[in-house]
>>> print(open('entry_28.cif').read())   # mmCIF, C-alpha atoms
data_upload
loop_
_atom_site.label_atom_id
_atom_site.label_comp_id
_atom_site.auth_asym_id
_atom_site.auth_seq_id
_atom_site.Cartn_x
_atom_site.Cartn_y
_atom_site.Cartn_z
CA MET O 258 0.00 0.00 0.00
CA LYS O 259 2.86 2.33 0.86
CA TYR O 260 4.43 1.79 -2.58
CA ILE O 261 1.15 2.38 -4.37
CA LEU O 262 0.66 5.71 -2.57
CA ALA O 263 4.24 6.70 -3.34
CA PHE O 264 3.75 5.74 -6.99
CA LEU O 265 0.48 7.68 -7.20
CA PHE O 266 2.10 10.69 -5.56
CA ILE O 267 5.06 10.63 -7.99
CA PHE O 268 2.67 10.08 -10.93
CA ALA O 269 0.56 13.08 -9.83
CA ILE O 270 3.66 15.27 -9.58
CA ILE O 271 4.87 14.23 -13.04
CA LEU O 272 1.41 14.77 -14.54
CA ALA O 273 1.09 18.20 -12.93
CA GLU O 274 4.55 19.13 -14.19
CA MET O 275 3.67 18.04 -17.73
CA ILE O 276 0.46 20.08 -17.68
CA PHE O 277 2.34 23.10 -16.33
CA ILE O 278 5.09 22.77 -18.96
CA ARG O 279 2.51 22.46 -21.76
CA HIS O 280 0.73 25.57 -20.47
CA GLU O 281 4.02 27.49 -20.26
CA ARG O 282 5.01 26.49 -23.80
CA ARG O 283 1.62 27.57 -25.15
CA GLN O 284 1.87 30.85 -23.25
CA ASP O 285 5.43 31.46 -24.48
CA SER O 286 4.32 30.78 -28.03
CA GLU O 287 1.48 33.28 -27.70
CA ILE O 288 3.82 35.90 -26.24
CA ARG O 289 6.25 35.39 -29.14
CA LYS O 290 3.41 35.81 -31.66
CA LEU O 291 2.24 39.02 -29.99
CA ARG O 292 5.79 40.41 -29.87
CA ASP O 293 6.31 39.57 -33.54
CA GLU O 294 3.04 41.25 -34.42
CA LEU O 295 3.95 44.30 -32.35
CA ASN O 296 7.36 44.50 -34.05
CA LEU O 297 5.71 44.24 -37.45
CA LEU O 298 3.28 47.02 -36.58
CA ARG O 299 6.13 49.15 -35.24
CA ALA O 300 7.99 48.69 -38.50
CA LYS O 301 4.87 49.69 -40.42
CA THR O 302 4.42 52.74 -38.21
CA GLU O 303 8.03 53.86 -38.53
CA ASN O 304 7.63 53.97 -42.31
CA ASN O 305 4.05 55.18 -42.15
CA SER O 306 3.47 57.64 -44.96
CA GLU O 307 -0.20 57.89 -43.93
CA ALA O 308 0.75 59.26 -40.50
CA GLU O 309 3.30 61.61 -42.07
CA SER O 310 0.73 62.81 -44.60
CA PHE O 311 -1.88 63.37 -41.88
CA THR O 312 0.58 65.33 -39.74
CA ARG O 313 1.80 67.36 -42.72
CA ASN O 314 -1.79 68.15 -43.75
CA CYS O 315 -2.99 69.13 -40.29
CA LEU O 316 -4.84 72.38 -40.54
CA THR O 317 -3.62 75.28 -38.47
CA GLY O 318 -6.55 77.60 -39.17
CA GLU O 319 -10.18 76.92 -40.08
CA GLY O 320 -11.37 73.35 -40.18
CA GLN O 321 -10.88 70.21 -38.13
CA ASN O 322 -8.11 67.66 -37.73
CA TYR O 323 -9.74 64.38 -36.74
CA LEU O 324 -7.90 61.22 -35.67
CA ALA O 325 -9.76 57.96 -35.04
CA ILE O 326 -7.85 55.44 -32.91
CA GLY O 327 -9.39 52.01 -32.79
CA ASN O 328 -9.60 48.35 -33.66
CA SER O 329 -11.27 46.52 -36.56
CA ILE O 330 -14.54 48.41 -35.97
CA THR O 331 -12.57 51.54 -36.89
CA LEU O 332 -10.59 50.03 -39.77
CA HIS O 333 -10.07 46.54 -41.12
CA THR O 334 -8.19 45.87 -44.32
CA THR O 335 -9.54 43.59 -47.01
CA CYS O 336 -8.86 39.90 -46.41
CA ASN O 337 -10.47 36.49 -46.96
CA TYR O 338 -13.16 37.18 -44.33
CA TRP O 339 -13.68 40.94 -44.79
CA TRP O 340 -14.67 42.48 -48.09
CA ALA O 341 -13.54 46.11 -47.86
CA ASN O 342 -10.98 48.48 -46.40
CA CYS O 343 -13.27 50.00 -43.78
CA GLY O 344 -14.58 49.47 -40.29
CA MET O 345 -16.10 46.04 -39.70
CA ALA O 346 -19.87 45.75 -39.41
CA ALA O 347 -20.37 48.58 -41.91
CA SER O 348 -22.42 47.74 -45.00
CA GLU O 349 -20.12 49.94 -47.06
CA PRO O 350 -17.01 52.06 -46.38
CA SER O 351 -18.96 55.31 -46.16
CA LYS O 352 -21.08 53.85 -43.34
CA ASP O 353 -18.43 52.94 -40.79
CA TYR O 354 -18.26 55.25 -37.82
CA PHE O 355 -15.00 56.93 -38.90
CA HIS O 356 -16.51 58.01 -42.22
CA LEU O 357 -19.80 59.03 -40.60
CA VAL O 358 -18.00 61.25 -38.07
CA THR O 359 -15.82 62.74 -40.83
CA GLU O 360 -18.91 63.48 -42.94
CA GLU O 361 -20.70 65.10 -40.00
CA LEU O 362 -17.67 67.32 -39.37
CA ARG O 363 -17.70 68.34 -43.04
CA LYS O 364 -21.31 69.47 -42.66
CA HIS O 365 -20.16 71.99 -40.05
CA ASN O 366 -16.69 72.79 -41.40
CA TYR O 367 -15.74 73.02 -45.02
CA THR O 368 -12.32 71.52 -44.45
CA VAL O 369 -11.62 68.29 -42.56
CA ASN O 370 -8.30 66.46 -42.38
CA SER O 371 -9.01 62.97 -41.02
CA CYS O 372 -7.06 59.78 -40.47
CA VAL O 373 -7.49 56.31 -38.93
CA CYS O 374 -4.91 54.70 -36.65
CA SER O 375 -5.44 50.99 -36.11
CA SER O 376 -4.39 50.06 -32.58
CA TYR O 377 -6.03 46.72 -31.87
CA VAL O 378 -2.70 45.43 -30.55
CA TRP O 379 -3.24 47.62 -27.49
CA GLU O 380 -6.35 45.56 -26.69
CA ILE O 381 -4.80 42.12 -26.98
CA ILE O 382 -1.67 42.85 -24.96
CA THR O 383 -2.51 42.14 -21.34
CA HIS O 384 0.85 43.03 -19.85
CA ASP O 385 2.72 46.22 -20.74
CA ARG O 386 0.07 47.79 -22.97
CA TYR O 387 2.14 50.96 -22.89
CA GLU O 388 4.47 49.30 -25.43
CA ALA O 389 1.70 49.52 -28.03
CA LEU O 390 1.39 53.29 -27.56
CA THR O 391 4.43 53.85 -29.77
CA LEU O 392 2.22 52.73 -32.67
CA ILE O 393 0.02 55.81 -32.36
CA ASP O 394 2.74 58.35 -31.59
CA SER O 395 3.49 59.13 -35.24
CA TYR O 396 -0.14 60.21 -35.72
CA LEU O 397 -0.28 62.55 -32.73
CA ASN O 398 0.46 66.26 -33.00
CA GLU O 399 -0.60 69.49 -31.35
CA ASN O 400 -2.94 70.51 -34.21
CA ILE O 401 -5.45 67.67 -33.77
CA ASN O 402 -8.86 68.99 -32.72
CA ILE O 403 -10.80 65.74 -32.28
CA ILE O 404 -9.72 62.23 -31.32
CA THR O 405 -12.05 59.28 -30.94
CA ILE O 406 -10.86 56.13 -29.20
CA GLN O 407 -12.76 52.93 -29.99
CA LEU O 408 -10.99 50.11 -28.13
CA GLY O 409 -12.22 47.46 -25.74
CA GLU O 410 -14.09 44.68 -27.54
CA ASN O 411 -11.02 42.45 -27.90
CA VAL O 412 -9.78 42.82 -24.31
CA SER O 413 -9.81 39.42 -22.61
CA ASP O 414 -8.15 40.31 -19.29
CA LEU O 415 -9.80 43.23 -17.52
CA SER O 416 -7.50 43.25 -14.48
CA ASN O 417 -5.52 46.33 -15.69
CA PHE O 418 -7.95 47.62 -18.29
CA GLU O 419 -9.22 50.70 -16.43
CA SER O 420 -5.76 51.93 -15.42
CA ASP O 421 -4.33 51.12 -18.86
CA TYR O 422 -7.16 53.03 -20.56
CA THR O 423 -6.53 56.01 -18.30
CA TYR O 424 -2.83 55.79 -19.15
CA LEU O 425 -3.72 55.68 -22.87
CA ILE O 426 -5.82 58.84 -22.60
CA ASN O 427 -3.16 60.66 -20.60
CA HIS O 428 -0.49 59.60 -23.11
CA ILE O 429 -2.57 61.04 -25.95
CA LYS O 430 -3.16 64.27 -24.01
CA GLN O 431 0.59 64.64 -23.39
CA LYS O 432 1.44 64.22 -27.05
#
>>> encode(input="entry_28.cif", output="structure tokens")
Amino acid sequence: MKYILAFLFIFAIILAEMIFIRHERRQDSEIRKLRDELNLLRAKTENNSEAESFTRNCLTGEGQNYLAIGNSITLHTTCNYWWANCGMAASEPSKDYFHLVTEELRKHNYTVNSCVCSSYVWEIITHDRYEALTLIDSYLNENINIITIQLGENVSDLSNFESDYTYLINHIKQK
């Protein structure tokens, strides 16, 4: 009986260790994927002619400079499961919220300079979300009049969400 209990105890330890190792490997793999994606997005942002064009075209007089920061609801590129380069859930590009806000601004101001900054990576990073803020920095400048932030649907861990969101807003205000 003593040997059976010892065997069962050792077996339980080995099984628990195997489960833990498998979990750690899966988690490490996910972290590597997220870091690779973040690095890819950083590279895109560093050579981002759209951000440079937006900043260069920012109006200093009459009119509005509008920046929309968000996830796929704000902008999703065409792919095998999405048909257009616009915000998801829109029936056509002119009906996503970014284009609707831009059009409403044009009704009240003759000139509107607007741009979309996709920042869904901020949502899916649970730890160190501040790293993703470098992706929006090239879009930010002192001439922006209106910024909308549409992030949250893809957040799976809410433990730091409120403080991270506050940090995001303060970061944008500083810039």
>>> atom_distance(input="entry_28.cif", atom1="atom CA of Leu332 of chain O", atom2="atom CA of Asp353 of chain O")
8.4 Å
>>> atom_distance(input="entry_28.cif", atom1="atom CA of Val378 of chain O", atom2="atom CA of Phe418 of chain O")
13.5 Å
>>> residues_around(input="entry_28.cif", residues="segment 393-407 of chain O", least_positions_apart="6", cutoff="8 Å", atoms="only C-alpha atoms", output="VMD selection string")
chain O and resid 302 to 303 305 308 to 309 311 to 312 315 to 317 321 to 328 330 to 331 374 376 429 432
>>> atom_distance(input="entry_28.cif", atom1="atom CA of Val412 of chain O", atom2="atom CA of Glu281 of chain O")
21.0 Å
>>> closest_residue(input="entry_28.cif", among="O:Lys352, O:Arg292, O:His365, O:Lys430", to="Trp379 of chain O", atoms="only C-alpha atoms")
O:Arg292
>>> closest_residue(input="entry_28.cif", among="O:Tyr387, O:Ser329, O:Phe277, O:His356", to="Val369 of chain O", atoms="all atoms listed in the file")
O:His356
>>> closest_residue(input="entry_28.cif", among="O:His333, O:Lys259, O:Arg282, O:His428", to="Tyr377 of chain O", atoms="only C-alpha atoms")
O:His333
>>> closest_residue(input="entry_28.cif", among="O:Ile382, O:Leu262, O:Ala269, O:Cys336", to="Ser416 of chain O", atoms="all atoms listed in the file")
O:Ile382
